[in-house]
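To keep things clear, I will list the structure first and then write my remarks on it.
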Amino acid sequence: MTEQAQEETTFEETTVGEGTTMEDQMNQEAAEAVDTAATAAEAPAAAGGAPADLTVQDLQALKVIIDVASQRGAFRPNEMQTVGATYTKLEQFLGAIAASQQAQQAAEAAAPAAEG
């Protein structure tokens, strides 16, 4: 085998100890990371606390993130339809919330004026 061929050994073939390949080690580390994340996500619910809240501000930030990511070409062309449909749903949902909040504020402002 030539020196160049020896250097081109793929990470699947590289052993890191006792017959374990680098790919096996990476898969194990990824699985451990997923388990750790799942355990962390379940911890608040198990402790009797409520899970993390998702606010309107979070959804607005998500809308901006989708917009910026699409402008920067983060999505493949075959993914754009799904991303666009999700963005549209999110935009309509946020619009409905804004309209609801405006109607509620108008009702609250009208209520004291009717009493006085």
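Following the order of the structure tokens, chains are lettered A, B, ..., residues in each are numbered from 1, and ligands are numbered from 1.
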* Write out as a ChimeraX atom specification the residues lying within 9 Å of region 83-88 of chain A, counting only C-alpha atoms and excluding same-chain residues fewer than 6 positions away. => /A:63,66-67,70,75
* Restricting the calculation to only C-alpha atoms, which member of A:Thr55, A:Gln104, A:Gln71, A:Gln60 is positioned closest to Glu91 (chain A)? ->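 For Glu91 (chain A), the nearest of the given residues is A:Gln60.
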* To do: Could you please determine the separation between CA of Leu54 (chain A) and CA of Gln105 (chain A) in Å, to one decimal place?
  =>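 Interatomic distance here is 22.0 Å.
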* Measuring atom to atom with only C-alpha atoms, identify which of A:Ala69, A:Lys89, A:Leu94, A:Thr82 is nearest to Gln57 (chain A). => A:Leu94
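Put simply, CA of Gln102 (chain A) is 20.2 Å away from CA of Ala61 (chain A).
Of note, CA of Ala74 (chain A) and CA of Val56 (chain A) are spaced 24.1 Å apart.
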